[in-house]
Amino acid sequence: MSEGPEKVVVARNRRAFHDYELMDRLEAGMALLGPEVKSLRDGKGSLGEAFAAFKHGELYLMDMHIPDSPQRGYAPHESRRPRNLLLHRRELRKLEAAVTRKGFTLVPLQVYFLRGRAKVEIAVARGRKHHDKREALKEAEARREARAHEGRRG
């Protein structure tokens, strides 16, 4: 067994890398209910339309879909309820200052378990325009071709 922390990724937000220019990244804990944890451990959960927002000075993950677990017992949960993100006050102030600048938002990138605890990686991001997205795709394609060409020579 390895000594390092085991990171088990449950959900990724692939569109975020395409739709946004990512600045700072940060790891936050999530306040979840028992059935939600069971669903996430089963690999169910979607970050498709999810975003992070401030309410009453606290940061919440909004619109993340976690379906009911079949072993939930008697208490169903709302699948898209706001989930509190657990950060230090200093980190919250830093994120709030970043989001108040024009054009910036908080985007969840992935949800994972780290040493048994549910975590979410969020990023301060700026939306890309359509032409920026095309340019980013061209750059990625050029990098891929350069890597492939380098592999053939070596």
# chains A, B, ... in the order shown; residues from 1 in each chain; ligands from 1

call {"tool": "closest_atom_pairs", "arguments": {"of": "segment 23-78 of chain A", "to": "segment 112-128 of chain A", "cutoff": "12 Å", "atoms": "only C-alpha atoms", "output": "CSV"}}
result
residue,atom,partner,partner_atom,distance
A:Met23,CA,A:Val124,CA,5.3
A:Asp24,CA,A:Val124,CA,5.3
A:Arg25,CA,A:Ala123,CA,4.3
A:Leu26,CA,A:Ile122,CA,5.4
A:Glu27,CA,A:Glu121,CA,4.5
A:Ala28,CA,A:Val120,CA,5.4
A:Gly29,CA,A:Lys119,CA,4.5
A:Met30,CA,A:Lys119,CA,5.9
A:Ala31,CA,A:Ala118,CA,8.4
A:Leu32,CA,A:Ala118,CA,8.2
A:Leu33,CA,A:Ala118,CA,11.1
A:Gly34,CA,A:Ala118,CA,11.4
A:Glu36,CA,A:Ala118,CA,10.2
A:Val37,CA,A:Ala118,CA,7.6
A:Lys38,CA,A:Ala118,CA,10.8
A:Ser39,CA,A:Ala118,CA,11.6
A:Leu40,CA,A:Ala118,CA,8.5
A:Arg41,CA,A:Phe113,CA,8.3
A:Asp42,CA,A:Phe113,CA,11.7
A:Gly43,CA,A:Tyr112,CA,9.7
A:Lys44,CA,A:Tyr112,CA,11.5
A:Gly45,CA,A:Tyr112,CA,10.6
A:Ser46,CA,A:Tyr112,CA,11.8
A:Leu47,CA,A:Val120,CA,10.3
A:Ala50,CA,A:Ile122,CA,10.7
A:Phe51,CA,A:Ile122,CA,8.9
A:Ala52,CA,A:Ile122,CA,7.9
A:Ala53,CA,A:Ile122,CA,11.1
A:Leu59,CA,A:Ile122,CA,11.0
A:Tyr60,CA,A:Ile122,CA,11.2
A:Leu61,CA,A:Val120,CA,9.1
A:Met64,CA,A:Val120,CA,11.0

call {"tool": "write_last_selection", "arguments": {"atoms": "C-alpha atoms", "output": "PDB file, in the first residue's frame"}}
result
ATOM      1  CA  MET A  23      -6.792  31.607 -12.694  1.00  0.00           C
ATOM      2  CA  ASP A  24      -6.364  30.466  -9.071  1.00  0.00           C
ATOM      3  CA  ARG A  25      -7.346  26.978  -7.919  1.00  0.00           C
ATOM      4  CA  LEU A  26      -8.345  26.027  -4.402  1.00  0.00           C
ATOM      5  CA  GLU A  27      -9.439  22.879  -2.568  1.00  0.00           C
ATOM      6  CA  ALA A  28     -12.490  23.085  -0.310  1.00  0.00           C
ATOM      7  CA  GLY A  29     -14.289  20.587   1.886  1.00  0.00           C
ATOM      8  CA  MET A  30     -18.012  19.977   1.401  1.00  0.00           C
ATOM      9  CA  ALA A  31     -20.732  19.679   4.033  1.00  0.00           C
ATOM     10  CA  LEU A  32     -22.741  16.664   2.867  1.00  0.00           C
ATOM     11  CA  LEU A  33     -25.507  14.452   4.209  1.00  0.00           C
ATOM     12  CA  GLY A  34     -24.922  10.715   4.674  1.00  0.00           C
ATOM     13  CA  GLU A  36     -25.047  12.153  -0.529  1.00  0.00           C
ATOM     14  CA  VAL A  37     -21.700  10.694   0.539  1.00  0.00           C
ATOM     15  CA  LYS A  38     -22.965   7.197  -0.350  1.00  0.00           C
ATOM     16  CA  SER A  39     -24.044   8.383  -3.807  1.00  0.00           C
ATOM     17  CA  LEU A  40     -20.703  10.070  -4.432  1.00  0.00           C
ATOM     18  CA  ARG A  41     -18.811   6.945  -3.323  1.00  0.00           C
ATOM     19  CA  ASP A  42     -20.880   5.012  -5.881  1.00  0.00           C
ATOM     20  CA  GLY A  43     -19.564   7.417  -8.547  1.00  0.00           C
ATOM     21  CA  LYS A  44     -22.842   9.265  -8.996  1.00  0.00           C
ATOM     22  CA  GLY A  45     -22.811  13.031  -9.148  1.00  0.00           C
ATOM     23  CA  SER A  46     -22.592  15.661 -11.840  1.00  0.00           C
ATOM     24  CA  LEU A  47     -20.932  19.074 -12.024  1.00  0.00           C
ATOM     25  CA  ALA A  50     -22.664  23.668 -11.017  1.00  0.00           C
ATOM     26  CA  PHE A  51     -21.157  26.942  -9.826  1.00  0.00           C
ATOM     27  CA  ALA A  52     -20.020  28.429  -6.516  1.00  0.00           C
ATOM     28  CA  ALA A  53     -21.629  31.529  -5.029  1.00  0.00           C
ATOM     29  CA  LEU A  59     -19.515  29.961  -0.002  1.00  0.00           C
ATOM     30  CA  TYR A  60     -21.976  27.425  -1.436  1.00  0.00           C
ATOM     31  CA  LEU A  61     -21.807  24.960  -4.303  1.00  0.00           C
ATOM     32  CA  MET A  64     -24.461  20.145  -8.321  1.00  0.00           C
TER      33      MET A  64
END

call {"tool": "select_by_dssp", "arguments": {"residues": "segment 2-32 of chain A", "states": "alpha helix (DSSP H)", "output": "JSON, numbers by chain"}}
result
{"A": [14, 15, 16, 17, 18, 19]}

call {"tool": "write_last_selection", "arguments": {"atoms": "C-alpha atoms", "output": "PDB file, in the first residue's frame"}}
result
ATOM      1  CA  ARG A  14     -14.637  19.130 -18.457  1.00  0.00           C
ATOM      2  CA  ARG A  15     -16.508  22.067 -19.954  1.00  0.00           C
ATOM      3  CA  ALA A  16     -14.898  24.433 -17.446  1.00  0.00           C
ATOM      4  CA  PHE A  17     -11.506  24.004 -19.115  1.00  0.00           C
ATOM      5  CA  HIS A  18     -13.036  24.906 -22.475  1.00  0.00           C
ATOM      6  CA  ASP A  19     -15.460  27.658 -21.455  1.00  0.00           C
TER       7      ASP A  19
END

call {"tool": "select_by_dssp", "arguments": {"residues": "chain A", "states": "strand (DSSP E)", "output": "mmCIF file with C-alpha atoms, in the first residue's frame"}}
result
data_model
loop_
_atom_site.group_PDB
_atom_site.id
_atom_site.type_symbol
_atom_site.label_atom_id
_atom_site.label_comp_id
_atom_site.auth_asym_id
_atom_site.auth_seq_id
_atom_site.Cartn_x
_atom_site.Cartn_y
_atom_site.Cartn_z
ATOM 1 C CA LYS A 7 -7.307 10.763 -4.313
ATOM 2 C CA VAL A 8 -10.407 9.190 -5.846
ATOM 3 C CA VAL A 9 -12.032 11.494 -8.427
ATOM 4 C CA VAL A 10 -15.830 11.220 -8.520
ATOM 5 C CA ALA A 11 -16.891 13.951 -10.988
ATOM 6 C CA ARG A 12 -15.114 16.308 -13.378
ATOM 7 C CA TYR A 20 -13.307 29.498 -18.909
ATOM 8 C CA GLU A 21 -9.819 30.877 -18.505
ATOM 9 C CA LEU A 22 -8.799 29.459 -15.116
ATOM 10 C CA MET A 23 -6.792 31.607 -12.694
ATOM 11 C CA ASP A 24 -6.364 30.466 -9.071
ATOM 12 C CA ARG A 25 -7.346 26.978 -7.919
ATOM 13 C CA LEU A 26 -8.345 26.027 -4.402
ATOM 14 C CA GLU A 27 -9.439 22.879 -2.568
ATOM 15 C CA ALA A 28 -12.490 23.085 -0.310
ATOM 16 C CA GLY A 29 -14.289 20.587 1.886
ATOM 17 C CA MET A 30 -18.012 19.977 1.401
ATOM 18 C CA PHE A 51 -21.157 26.942 -9.826
ATOM 19 C CA ALA A 52 -20.020 28.429 -6.516
ATOM 20 C CA ALA A 53 -21.629 31.529 -5.029
ATOM 21 C CA PHE A 54 -21.531 33.563 -1.830
ATOM 22 C CA LYS A 55 -24.629 33.731 0.397
ATOM 23 C CA GLU A 58 -20.401 31.807 3.190
ATOM 24 C CA LEU A 59 -19.515 29.961 -0.002
ATOM 25 C CA TYR A 60 -21.976 27.425 -1.436
ATOM 26 C CA LEU A 61 -21.807 24.960 -4.303
ATOM 27 C CA MET A 62 -25.012 25.466 -6.280
ATOM 28 C CA ARG A 83 -23.945 22.632 -0.336
ATOM 29 C CA ASN A 84 -21.758 24.605 2.033
ATOM 30 C CA LEU A 85 -18.067 24.720 1.097
ATOM 31 C CA LEU A 86 -15.646 24.605 3.997
ATOM 32 C CA PHE A 104 -14.774 36.699 -12.689
ATOM 33 C CA THR A 105 -16.678 33.734 -11.279
ATOM 34 C CA LEU A 106 -16.054 30.586 -9.224
ATOM 35 C CA VAL A 107 -16.218 27.319 -11.147
ATOM 36 C CA PRO A 108 -15.992 23.811 -9.650
ATOM 37 C CA LEU A 109 -13.473 21.682 -11.561
ATOM 38 C CA GLN A 110 -13.743 18.295 -9.858
ATOM 39 C CA VAL A 111 -15.155 16.484 -6.840
ATOM 40 C CA TYR A 112 -13.038 13.812 -5.193
ATOM 41 C CA PHE A 113 -12.360 11.952 -1.978
ATOM 42 C CA LEU A 114 -9.047 12.619 -0.270
ATOM 43 C CA ARG A 117 -13.218 13.228 2.942
ATOM 44 C CA ALA A 118 -15.234 14.750 0.105
ATOM 45 C CA LYS A 119 -13.424 17.700 -1.488
ATOM 46 C CA VAL A 120 -14.144 20.011 -4.400
ATOM 47 C CA GLU A 121 -11.533 21.849 -6.455
ATOM 48 C CA ILE A 122 -12.761 25.316 -7.402
ATOM 49 C CA ALA A 123 -11.137 27.917 -9.605
ATOM 50 C CA VAL A 124 -11.434 31.654 -10.050
ATOM 51 C CA ALA A 125 -12.271 31.915 -13.735
ATOM 52 C CA ARG A 126 -13.107 34.384 -16.478
ATOM 53 C CA GLY A 127 -15.501 33.386 -19.257
#

call {"tool": "closest_residue", "arguments": {"among": "A:Gly57, A:Glu139, A:Ser79, A:Asp68", "to": "Leu92 of chain A", "atoms": "only C-alpha atoms"}}
result
A:Gly57

call {"tool": "decode", "arguments": {"residues": "segment 89-121 of chain A", "atoms": "N, CA and C atoms", "output": "PDB file, in the first residue's frame"}}
result
ATOM      1  N   ARG A  89     -11.544  31.479   6.817  1.00  0.00           N
ATOM      2  CA  ARG A  89     -12.031  32.853   6.595  1.00  0.00           C
ATOM      3  C   ARG A  89     -11.122  33.626   5.650  1.00  0.00           C
ATOM      4  N   ARG A  90      -9.822  33.457   5.811  1.00  0.00           N
ATOM      5  CA  ARG A  90      -8.846  34.156   4.968  1.00  0.00           C
ATOM      6  C   ARG A  90      -9.055  33.783   3.491  1.00  0.00           C
ATOM      7  N   GLU A  91      -9.268  32.489   3.238  1.00  0.00           N
ATOM      8  CA  GLU A  91      -9.492  32.028   1.868  1.00  0.00           C
ATOM      9  C   GLU A  91     -10.822  32.557   1.324  1.00  0.00           C
ATOM     10  N   LEU A  92     -11.845  32.582   2.175  1.00  0.00           N
ATOM     11  CA  LEU A  92     -13.143  33.115   1.756  1.00  0.00           C
ATOM     12  C   LEU A  92     -13.039  34.582   1.360  1.00  0.00           C
ATOM     13  N   ARG A  93     -12.335  35.369   2.161  1.00  0.00           N
ATOM     14  CA  ARG A  93     -12.170  36.802   1.843  1.00  0.00           C
ATOM     15  C   ARG A  93     -11.427  36.986   0.530  1.00  0.00           C
ATOM     16  N   LYS A  94     -10.398  36.174   0.317  1.00  0.00           N
ATOM     17  CA  LYS A  94      -9.608  36.251  -0.915  1.00  0.00           C
ATOM     18  C   LYS A  94     -10.488  35.932  -2.135  1.00  0.00           C
ATOM     19  N   LEU A  95     -11.296  34.870  -2.038  1.00  0.00           N
ATOM     20  CA  LEU A  95     -12.179  34.488  -3.142  1.00  0.00           C
ATOM     21  C   LEU A  95     -13.254  35.536  -3.392  1.00  0.00           C
ATOM     22  N   GLU A  96     -13.807  36.075  -2.310  1.00  0.00           N
ATOM     23  CA  GLU A  96     -14.859  37.088  -2.460  1.00  0.00           C
ATOM     24  C   GLU A  96     -14.312  38.335  -3.149  1.00  0.00           C
ATOM     25  N   ALA A  97     -13.084  38.722  -2.811  1.00  0.00           N
ATOM     26  CA  ALA A  97     -12.449  39.867  -3.462  1.00  0.00           C
ATOM     27  C   ALA A  97     -12.216  39.578  -4.942  1.00  0.00           C
ATOM     28  N   ALA A  98     -11.817  38.360  -5.268  1.00  0.00           N
ATOM     29  CA  ALA A  98     -11.566  37.996  -6.667  1.00  0.00           C
ATOM     30  C   ALA A  98     -12.850  37.997  -7.484  1.00  0.00           C
ATOM     31  N   VAL A  99     -13.941  37.546  -6.888  1.00  0.00           N
ATOM     32  CA  VAL A  99     -15.211  37.444  -7.617  1.00  0.00           C
ATOM     33  C   VAL A  99     -15.864  38.813  -7.808  1.00  0.00           C
ATOM     34  N   THR A 100     -15.600  39.754  -6.915  1.00  0.00           N
ATOM     35  CA  THR A 100     -16.218  41.071  -7.054  1.00  0.00           C
ATOM     36  C   THR A 100     -15.627  41.851  -8.229  1.00  0.00           C
ATOM     37  N   ARG A 101     -14.431  41.431  -8.699  1.00  0.00           N
ATOM     38  CA  ARG A 101     -13.885  42.059  -9.908  1.00  0.00           C
ATOM     39  C   ARG A 101     -14.760  41.674 -11.087  1.00  0.00           C
ATOM     40  N   LYS A 102     -14.894  42.576 -12.019  1.00  0.00           N
ATOM     41  CA  LYS A 102     -15.788  42.376 -13.158  1.00  0.00           C
ATOM     42  C   LYS A 102     -15.343  41.192 -14.020  1.00  0.00           C
ATOM     43  N   GLY A 103     -16.301  40.320 -14.323  1.00  0.00           N
ATOM     44  CA  GLY A 103     -16.047  39.220 -15.240  1.00  0.00           C
ATOM     45  C   GLY A 103     -15.518  37.940 -14.622  1.00  0.00           C
ATOM     46  N   PHE A 104     -15.306  37.899 -13.320  1.00  0.00           N
ATOM     47  CA  PHE A 104     -14.774  36.699 -12.689  1.00  0.00           C
ATOM     48  C   PHE A 104     -15.878  35.920 -11.983  1.00  0.00           C
ATOM     49  N   THR A 105     -15.719  34.601 -11.944  1.00  0.00           N
ATOM     50  CA  THR A 105     -16.678  33.734 -11.279  1.00  0.00           C
ATOM     51  C   THR A 105     -15.935  32.558 -10.648  1.00  0.00           C
ATOM     52  N   LEU A 106     -16.637  31.780  -9.846  1.00  0.00           N
ATOM     53  CA  LEU A 106     -16.054  30.586  -9.224  1.00  0.00           C
ATOM     54  C   LEU A 106     -16.653  29.346  -9.879  1.00  0.00           C
ATOM     55  N   VAL A 107     -15.787  28.497 -10.408  1.00  0.00           N
ATOM     56  CA  VAL A 107     -16.218  27.319 -11.147  1.00  0.00           C
ATOM     57  C   VAL A 107     -15.659  26.067 -10.479  1.00  0.00           C
ATOM     58  N   PRO A 108     -16.514  25.071 -10.180  1.00  0.00           N
ATOM     59  CA  PRO A 108     -15.992  23.811  -9.650  1.00  0.00           C
ATOM     60  C   PRO A 108     -15.362  22.993 -10.780  1.00  0.00           C
ATOM     61  N   LEU A 109     -14.174  22.451 -10.535  1.00  0.00           N
ATOM     62  CA  LEU A 109     -13.473  21.682 -11.561  1.00  0.00           C
ATOM     63  C   LEU A 109     -13.645  20.176 -11.377  1.00  0.00           C
ATOM     64  N   GLN A 110     -13.565  19.721 -10.112  1.00  0.00           N
ATOM     65  CA  GLN A 110     -13.743  18.295  -9.858  1.00  0.00           C
ATOM     66  C   GLN A 110     -14.132  18.059  -8.406  1.00  0.00           C
ATOM     67  N   VAL A 111     -14.802  16.937  -8.187  1.00  0.00           N
ATOM     68  CA  VAL A 111     -15.155  16.484  -6.840  1.00  0.00           C
ATOM     69  C   VAL A 111     -14.430  15.165  -6.633  1.00  0.00           C
ATOM     70  N   TYR A 112     -13.814  15.009  -5.466  1.00  0.00           N
ATOM     71  CA  TYR A 112     -13.038  13.812  -5.193  1.00  0.00           C
ATOM     72  C   TYR A 112     -13.006  13.539  -3.705  1.00  0.00           C
ATOM     73  N   PHE A 113     -12.573  12.320  -3.367  1.00  0.00           N
ATOM     74  CA  PHE A 113     -12.360  11.952  -1.978  1.00  0.00           C
ATOM     75  C   PHE A 113     -10.862  11.939  -1.732  1.00  0.00           C
ATOM     76  N   LEU A 114     -10.447  12.586  -0.663  1.00  0.00           N
ATOM     77  CA  LEU A 114      -9.047  12.619  -0.270  1.00  0.00           C
ATOM     78  C   LEU A 114      -8.989  12.147   1.183  1.00  0.00           C
ATOM     79  N   ARG A 115      -8.347  11.031   1.402  1.00  0.00           N
ATOM     80  CA  ARG A 115      -8.284  10.410   2.731  1.00  0.00           C
ATOM     81  C   ARG A 115      -9.677  10.270   3.353  1.00  0.00           C
ATOM     82  N   GLY A 116     -10.649   9.880   2.534  1.00  0.00           N
ATOM     83  CA  GLY A 116     -12.003   9.621   3.025  1.00  0.00           C
ATOM     84  C   GLY A 116     -12.903  10.832   3.136  1.00  0.00           C
ATOM     85  N   ARG A 117     -12.406  12.014   2.837  1.00  0.00           N
ATOM     86  CA  ARG A 117     -13.218  13.228   2.942  1.00  0.00           C
ATOM     87  C   ARG A 117     -13.551  13.770   1.556  1.00  0.00           C
ATOM     88  N   ALA A 118     -14.805  14.198   1.395  1.00  0.00           N
ATOM     89  CA  ALA A 118     -15.234  14.750   0.105  1.00  0.00           C
ATOM     90  C   ALA A 118     -14.664  16.153  -0.054  1.00  0.00           C
ATOM     91  N   LYS A 119     -14.024  16.399  -1.185  1.00  0.00           N
ATOM     92  CA  LYS A 119     -13.424  17.700  -1.488  1.00  0.00           C
ATOM     93  C   LYS A 119     -13.890  18.144  -2.867  1.00  0.00           C
ATOM     94  N   VAL A 120     -13.852  19.453  -3.087  1.00  0.00           N
ATOM     95  CA  VAL A 120     -14.144  20.011  -4.400  1.00  0.00           C
ATOM     96  C   VAL A 120     -13.025  20.984  -4.748  1.00  0.00           C
ATOM     97  N   GLU A 121     -12.542  20.903  -5.980  1.00  0.00           N
ATOM     98  CA  GLU A 121     -11.533  21.849  -6.455  1.00  0.00           C
ATOM     99  C   GLU A 121     -12.267  22.941  -7.210  1.00  0.00           C
TER     100      GLU A 121
END
